[in-house]
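S.K.: To be precise about what I am sending: the file is called target32.pdb and holds PDB, C-alpha atoms, pLDDT in the B column.
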ATOM      1  CA  GLU A   1      90.926 -71.907  15.458  1.00 84.00           C
ATOM      2  CA  SER A   2      87.212 -72.123  14.680  1.00 88.00           C
ATOM      3  CA  ILE A   3      86.644 -68.413  15.363  1.00 92.00           C
ATOM      4  CA  VAL A   4      89.734 -67.014  13.582  1.00 92.00           C
ATOM      5  CA  ARG A   5      89.145 -65.404  10.194  1.00 92.00           C
ATOM      6  CA  VAL A   6      91.833 -63.911   7.952  1.00 92.00           C
ATOM      7  CA  TYR A   7      90.898 -61.358   5.295  1.00 92.00           C
ATOM      8  CA  TYR A   8      93.223 -60.324   2.489  1.00 93.00           C
ATOM      9  CA  GLY A   9      93.299 -57.964  -0.458  1.00 92.00           C
ATOM     10  CA  SER A  10      92.096 -54.778   1.249  1.00 93.00           C
ATOM     11  CA  THR A  11      93.554 -52.236   3.623  1.00 92.00           C
ATOM     12  CA  ASP A  12      90.076 -50.896   4.454  1.00 95.00           C
ATOM     13  CA  ARG A  13      88.019 -52.863   6.971  1.00 92.00           C
ATOM     14  CA  THR A  14      84.760 -51.532   5.511  1.00 94.00           C
ATOM     15  CA  MET A  15      85.627 -53.190   2.179  1.00 92.00           C
ATOM     16  CA  LEU A  16      86.201 -56.740   3.454  1.00 90.00           C
ATOM     17  CA  SER A  17      84.656 -59.449   1.315  1.00 91.00           C
ATOM     18  CA  ALA A  18      83.671 -63.020   2.139  1.00 92.00           C
ATOM     19  CA  SER A  19      85.358 -64.071  -1.107  1.00 92.00           C
ATOM     20  CA  ASN A  20      88.639 -62.821   0.389  1.00 93.00           C
ATOM     21  CA  GLU A  21      88.226 -64.698   3.679  1.00 95.00           C
ATOM     22  CA  ARG A  22      90.173 -67.676   4.921  1.00 96.00           C
ATOM     23  CA  ARG A  23      89.686 -69.682   8.098  1.00 96.00           C
ATOM     24  CA  ALA A  24      92.380 -70.886  10.417  1.00 96.00           C
ATOM     25  CA  ALA A  25      92.901 -74.613   9.948  1.00 96.00           C
ATOM     26  CA  LYS A  26      95.547 -74.688  12.662  1.00 96.00           C
ATOM     27  CA  ILE A  27      97.365 -72.255  14.951  1.00 95.00           C
ATOM     28  CA  VAL A  28     100.878 -73.258  15.983  1.00 95.00           C
ATOM     29  CA  ARG A  29     102.342 -71.312  18.910  1.00 92.00           C
ATOM     30  CA  HIS A  30     106.076 -71.065  19.397  1.00 90.00           C
ATOM     31  CA  PRO A  31     107.124 -74.123  21.444  1.00 94.00           C
ATOM     32  CA  ASP A  32     109.037 -71.917  23.910  1.00 89.00           C
ATOM     33  CA  TYR A  33     106.268 -69.341  24.444  1.00 88.00           C
ATOM     34  CA  ASN A  34     106.235 -67.986  28.009  1.00 85.00           C
ATOM     35  CA  GLY A  35     102.958 -66.377  29.086  1.00 85.00           C
ATOM     36  CA  GLU A  36     104.542 -64.606  32.063  1.00 82.00           C
ATOM     37  CA  THR A  37     107.344 -62.834  30.207  1.00 75.00           C
ATOM     38  CA  LEU A  38     105.759 -62.984  26.715  1.00 75.00           C
ATOM     39  CA  GLU A  39     109.030 -64.422  25.440  1.00 78.00           C
ATOM     40  CA  ASN A  40     108.570 -66.056  22.008  1.00 80.00           C
ATOM     41  CA  ASP A  41     105.106 -64.498  21.671  1.00 80.00           C
ATOM     42  CA  ILE A  42     104.550 -65.583  18.084  1.00 82.00           C
ATOM     43  CA  ALA A  43     102.400 -68.097  16.264  1.00 87.00           C
ATOM     44  CA  VAL A  44     101.871 -69.369  12.738  1.00 89.00           C
ATOM     45  CA  VAL A  45      98.313 -69.442  11.441  1.00 92.00           C
ATOM     46  CA  VAL A  46      97.843 -72.216   8.891  1.00 95.00           C
ATOM     47  CA  LEU A  47      94.986 -71.272   6.571  1.00 95.00           C
ATOM     48  CA  ASP A  48      92.339 -73.658   5.276  1.00 96.00           C
ATOM     49  CA  ARG A  49      93.373 -72.810   1.694  1.00 95.00           C
ATOM     50  CA  ALA A  50      96.008 -70.749  -0.074  1.00 94.00           C
ATOM     51  CA  VAL A  51      95.759 -67.018  -0.682  1.00 94.00           C
ATOM     52  CA  PRO A  52      96.333 -66.251  -4.371  1.00 93.00           C
ATOM     53  CA  ARG A  53      99.090 -63.749  -5.118  1.00 91.00           C
ATOM     54  CA  ALA A  54      97.788 -60.555  -6.720  1.00 90.00           C
ATOM     55  CA  ASP A  55      98.545 -56.835  -6.913  1.00 87.00           C
ATOM     56  CA  ASN A  56      96.696 -56.335  -3.624  1.00 88.00           C
ATOM     57  CA  ALA A  57      97.756 -59.580  -1.869  1.00 89.00           C
ATOM     58  CA  ASP A  58     101.283 -60.919  -1.620  1.00 88.00           C
ATOM     59  CA  TYR A  59     103.414 -62.991   0.712  1.00 86.00           C
ATOM     60  CA  ILE A  60     105.968 -61.757   3.196  1.00 89.00           C
ATOM     61  CA  CYS A  61     109.102 -63.802   3.723  1.00 86.00           C
ATOM     62  CA  LEU A  62     110.532 -65.057   7.007  1.00 78.00           C
ATOM     63  CA  PHE A  63     114.231 -65.527   7.427  1.00 67.00           C
ATOM     64  CA  GLY A  64     116.847 -65.113  10.102  1.00 67.00           C
ATOM     65  CA  TYR A  65     119.893 -62.893   9.896  1.00 64.00           C
ATOM     66  CA  SER A  66     122.161 -61.013  12.211  1.00 66.00           C
ATOM     67  CA  LYS A  67     120.719 -57.954  13.961  1.00 63.00           C
ATOM     68  CA  ASP A  68     123.959 -56.232  12.965  1.00 65.00           C
ATOM     69  CA  ASP A  69     123.480 -56.827   9.207  1.00 71.00           C
ATOM     70  CA  THR A  70     124.312 -53.416   7.681  1.00 70.00           C
ATOM     71  CA  LEU A  71     122.475 -54.175   4.418  1.00 70.00           C
ATOM     72  CA  VAL A  72     119.242 -54.608   6.340  1.00 72.00           C
ATOM     73  CA  LEU A  73     119.802 -51.832   8.882  1.00 72.00           C
ATOM     74  CA  ALA A  74     120.513 -49.296   6.120  1.00 77.00           C
ATOM     75  CA  ARG A  75     116.944 -49.708   4.839  1.00 81.00           C
ATOM     76  CA  PRO A  76     113.809 -48.161   6.325  1.00 85.00           C
ATOM     77  CA  MET A  77     111.753 -50.467   8.524  1.00 89.00           C
ATOM     78  CA  TYR A  78     107.965 -50.349   8.604  1.00 93.00           C
ATOM     79  CA  SER A  79     105.189 -51.489  10.879  1.00 92.00           C
ATOM     80  CA  ALA A  80     101.486 -51.567  10.022  1.00 93.00           C
ATOM     81  CA  GLY A  81      98.304 -52.005  11.996  1.00 91.00           C
ATOM     82  CA  TRP A  82      94.811 -50.881  12.884  1.00 90.00           C
ATOM     83  CA  GLY A  83      95.808 -49.521  16.302  1.00 89.00           C
ATOM     84  CA  SER A  84      94.164 -46.474  17.848  1.00 88.00           C
ATOM     85  CA  THR A  85      94.949 -43.153  16.149  1.00 84.00           C
ATOM     86  CA  VAL A  86      94.296 -41.288  19.407  1.00 80.00           C
ATOM     87  CA  PRO A  87      97.255 -41.669  21.798  1.00 69.00           C
ATOM     88  CA  ILE A  88      95.210 -41.176  24.976  1.00 71.00           C
ATOM     89  CA  PHE A  89      94.090 -44.343  26.780  1.00 68.00           C
ATOM     90  CA  GLY A  90      90.367 -44.102  27.447  1.00 75.00           C
ATOM     91  CA  SER A  91      89.773 -42.136  24.235  1.00 81.00           C
ATOM     92  CA  LEU A  92      90.776 -44.861  21.817  1.00 85.00           C
ATOM     93  CA  LEU A  93      89.709 -44.434  18.192  1.00 88.00           C
ATOM     94  CA  TYR A  94      90.310 -47.320  15.813  1.00 88.00           C
ATOM     95  CA  PRO A  95      90.549 -46.513  12.093  1.00 92.00           C
ATOM     96  CA  ASP A  96      88.928 -48.395   9.226  1.00 94.00           C
ATOM     97  CA  LYS A  97      92.030 -48.013   7.069  1.00 94.00           C
ATOM     98  CA  LEU A  98      95.330 -49.744   7.753  1.00 93.00           C
ATOM     99  CA  ASN A  99      98.042 -47.353   8.919  1.00 93.00           C
ATOM    100  CA  TYR A 100     101.776 -47.764   8.642  1.00 93.00           C
ATOM    101  CA  VAL A 101     104.819 -46.010  10.002  1.00 92.00           C
ATOM    102  CA  ASP A 102     108.505 -46.093   9.216  1.00 92.00           C
ATOM    103  CA  LEU A 103     110.650 -46.876  12.239  1.00 89.00           C
ATOM    104  CA  ALA A 104     114.360 -46.853  12.933  1.00 83.00           C
ATOM    105  CA  VAL A 105     116.082 -49.817  14.536  1.00 82.00           C
ATOM    106  CA  ARG A 106     117.812 -48.453  17.611  1.00 79.00           C
ATOM    107  CA  ALA A 107     120.493 -49.568  20.012  1.00 76.00           C
ATOM    108  CA  MET A 108     119.215 -51.911  22.710  1.00 75.00           C
ATOM    109  CA  ASN A 109     120.013 -49.477  25.514  1.00 75.00           C
ATOM    110  CA  SER A 110     117.493 -47.036  23.941  1.00 73.00           C
ATOM    111  CA  CYS A 111     114.673 -49.383  24.868  1.00 74.00           C
ATOM    112  CA  PHE A 112     115.962 -49.884  28.394  1.00 72.00           C
ATOM    113  CA  TYR A 113     116.048 -46.111  28.777  1.00 69.00           C
ATOM    114  CA  ILE A 114     112.359 -45.646  27.941  1.00 68.00           C
ATOM    115  CA  LEU A 115     111.060 -48.719  29.772  1.00 68.00           C
ATOM    116  CA  ASP A 116     110.072 -48.315  33.389  1.00 68.00           C
ATOM    117  CA  SER A 117     112.508 -50.328  35.515  1.00 71.00           C
ATOM    118  CA  SER A 118     109.648 -52.575  36.690  1.00 71.00           C
ATOM    119  CA  LEU A 119     109.049 -53.652  33.052  1.00 70.00           C
ATOM    120  CA  GLN A 120     112.645 -54.162  31.954  1.00 70.00           C
ATOM    121  CA  PHE A 121     112.420 -57.889  32.736  1.00 69.00           C
ATOM    122  CA  LEU A 122     110.061 -58.162  29.715  1.00 70.00           C
ATOM    123  CA  PHE A 123     112.788 -57.011  27.329  1.00 74.00           C
ATOM    124  CA  ASN A 124     115.385 -59.560  26.281  1.00 75.00           C
ATOM    125  CA  PRO A 125     118.134 -57.937  24.171  1.00 74.00           C
ATOM    126  CA  ILE A 126     118.992 -61.305  22.634  1.00 74.00           C
ATOM    127  CA  THR A 127     115.543 -61.992  21.194  1.00 73.00           C
ATOM    128  CA  HIS A 128     113.894 -58.549  21.023  1.00 76.00           C
ATOM    129  CA  VAL A 129     114.406 -55.673  18.606  1.00 79.00           C
ATOM    130  CA  CYS A 130     114.348 -52.030  19.672  1.00 80.00           C
ATOM    131  CA  ALA A 131     112.675 -49.825  17.039  1.00 82.00           C
ATOM    132  CA  GLY A 132     111.126 -46.379  17.102  1.00 79.00           C
ATOM    133  CA  TYR A 133     111.917 -42.718  17.554  1.00 74.00           C
ATOM    134  CA  SER A 134     112.120 -40.236  20.373  1.00 67.00           C
ATOM    135  CA  ALA A 135     108.804 -38.690  21.427  1.00 67.00           C
ATOM    136  CA  SER A 136     109.716 -35.426  19.678  1.00 66.00           C
ATOM    137  CA  VAL A 137     109.539 -37.087  16.219  1.00 74.00           C
ATOM    138  CA  GLY A 138     105.861 -37.950  16.723  1.00 73.00           C
ATOM    139  CA  LYS A 139     105.860 -41.320  14.929  1.00 79.00           C
ATOM    140  CA  ASP A 140     105.191 -44.659  16.588  1.00 80.00           C
ATOM    141  CA  THR A 141     102.928 -47.683  16.620  1.00 83.00           C
ATOM    142  CA  CYS A 142      99.805 -47.233  18.725  1.00 81.00           C
ATOM    143  CA  TYR A 143      97.673 -48.965  21.325  1.00 81.00           C
ATOM    144  CA  GLY A 144      96.238 -51.996  19.571  1.00 82.00           C
ATOM    145  CA  ASP A 145      99.197 -52.487  17.213  1.00 83.00           C
ATOM    146  CA  SER A 146     100.808 -55.094  19.467  1.00 77.00           C
ATOM    147  CA  GLY A 147     101.922 -58.024  17.377  1.00 77.00           C
ATOM    148  CA  ALA A 148     102.280 -55.934  14.245  1.00 84.00           C
ATOM    149  CA  PRO A 149     105.242 -56.918  12.070  1.00 86.00           C
ATOM    150  CA  LEU A 150     108.476 -54.998  11.701  1.00 88.00           C
ATOM    151  CA  MET A 151     109.138 -55.248   7.971  1.00 90.00           C
ATOM    152  CA  VAL A 152     111.944 -54.401   5.565  1.00 88.00           C
ATOM    153  CA  GLN A 153     112.015 -54.484   1.775  1.00 88.00           C
ATOM    154  CA  LEU A 154     115.037 -56.040   0.044  1.00 85.00           C
ATOM    155  CA  ASN A 155     115.253 -56.497  -3.735  1.00 84.00           C
ATOM    156  CA  ASN A 156     111.514 -55.782  -4.174  1.00 85.00           C
ATOM    157  CA  GLN A 157     110.537 -58.474  -1.669  1.00 86.00           C
ATOM    158  CA  TRP A 158     109.196 -57.857   1.847  1.00 88.00           C
ATOM    159  CA  PHE A 159     110.692 -59.650   4.849  1.00 88.00           C
ATOM    160  CA  ILE A 160     109.806 -59.820   8.525  1.00 86.00           C
ATOM    161  CA  TYR A 161     112.698 -58.314  10.469  1.00 82.00           C
ATOM    162  CA  GLY A 162     113.683 -60.453  13.404  1.00 68.00           C
ATOM    163  CA  ASN A 163     116.243 -62.710  14.927  1.00 55.00           C
ATOM    164  CA  LYS A 164     117.304 -66.197  14.027  1.00 48.00           C
TER     165      LYS A 164
END
Translate this structure into structure tokens?
M.R.:
Amino acid sequence: ESIVRVYYGSTDRTMLSASNERRAAKIVRHPDYNGETLENDIAVVVLDRAVPRADNADYICLFGYSKDDTLVLARPMYSAGWGSTVPIFGSLLYPDKLNYVDLAVRAMNSCFYILDSSLQFLFNPITHVCAGYSASVGKDTCYGDSGAPLMVQLNNQWFIYGNK
């Protein structure tokens, strides 16, 4: 916790300001986290003080709902991160500006199809979400975007898309 810093209010890493920095007061990992399978690989970072809401800093809501909810699935999903913009491992190039991509939620068997059979044990269709496009579309998250949220906007409010 002592080394974790959270910056808010900018999507450009070169514009980060100490006045927009918070420290982690506590990090709470999911009680059922499994380091071997990465099941429940999520944590809550409790900040040392609140982040004020502003035009460039807002909250995202967490709530559970059915993965089959047609109201949610009819909306575009987004992911954002500072992952490499070069898709070749060994030639990684990390941007200064936050990138985002719209993604489609797909049927679970789509993810099994693209995963190597030796990695399929990492994918649990009960707790995981399959999102993305075929390679021909040319849109995806990138190396270094692991842990990025899958988000949906409902009634002008952003929510993390996930399971109950």
S.K.: Hey, could you make a per-residue contact list for region 3-53 of chain A against region 83-100 of chain A with 6 Å as the cut-off, showing the nearest pair of atoms and its distance in Å to one decimal, counting all atoms listed in the file, sorted by chain and number, as a Markdown table?
M.R.:
| residue | atom | partner | partner_atom | distance |
| --- | --- | --- | --- | --- |
| A:Thr11 | CA | A:Leu98 | CA | 5.1 |
| A:Asp12 | CA | A:Lys97 | CA | 4.4 |
| A:Arg13 | CA | A:Asp96 | CA | 5.1 |
S.K.: So which residues touch region 40-47 of chain A within 10 Å, counting all atoms listed in the file, skipping near sequence neighbours fewer than 2 positions away, as number ranges by chain?
M.R.: A: 1, 4-6, 21-35, 37-38, 49-51, 127-128, 147
S.K.: Of the candidates A:Gly9, A:Gly132, A:Pro125, A:Gly138, which shows the shortest atom-to-atom distance to Tyr59 (chain A), using only C-alpha atoms?
M.R.: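 With only C-alpha atoms as the atom set, the closest residue is A:Gly9.
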S.K.: For a quick check of understanding, using all atoms listed in the file, which of A:Ala80, A:Ala131, A:Leu122, A:Cys61 has the smallest distance to Gln153 (chain A)?
M.R.: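 The shortest atom-to-atom distance to Gln153 (chain A) comes from A:Cys61.
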S.K.: Between CA of Ile60 (chain A) and CA of Cys130 (chain A), what is the distance, to one decimal in Å?
M.R.: 20.9 Å
S.K.: Using Å and a single decimal, report how far CA of Ser17 (chain A) sits from CA of Pro52 (chain A).
M.R.: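 Interatomic distance, CA of Pro52 (chain A) to CA of Ser17 (chain A): 14.7 Å.
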S.K.: Using all atoms listed in the file, which of A:Tyr133, A:Tyr8, A:Asn109, A:Trp82 sits nearest Asp58 (chain A)?
M.R.: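 Under the stated criterion, the closest residue is A:Tyr8.
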S.K.: Report as a ChimeraX atom specification the residues that result from applying the PyMOL selection byres ((chain A and resi 75) around 12) to the structure here.
M.R.: /A:69-74,76-78,102-105,151-155,158-159,161
S.K.: Considering only C-alpha atoms, can you say which of A:Asn56, A:Thr141, A:Asn124, A:Ser19 comes closest to Glu39 (chain A)?
M.R.: A:Asn124
S.K.: Could you tell me how far CA of Cys142 (chain A) lies from CA of Gly81 (chain A), in Å and to one decimal?
M.R.: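 Straight-line distance from CA of Cys142 (chain A) to CA of Gly81 (chain A) works out to 8.4 Å.
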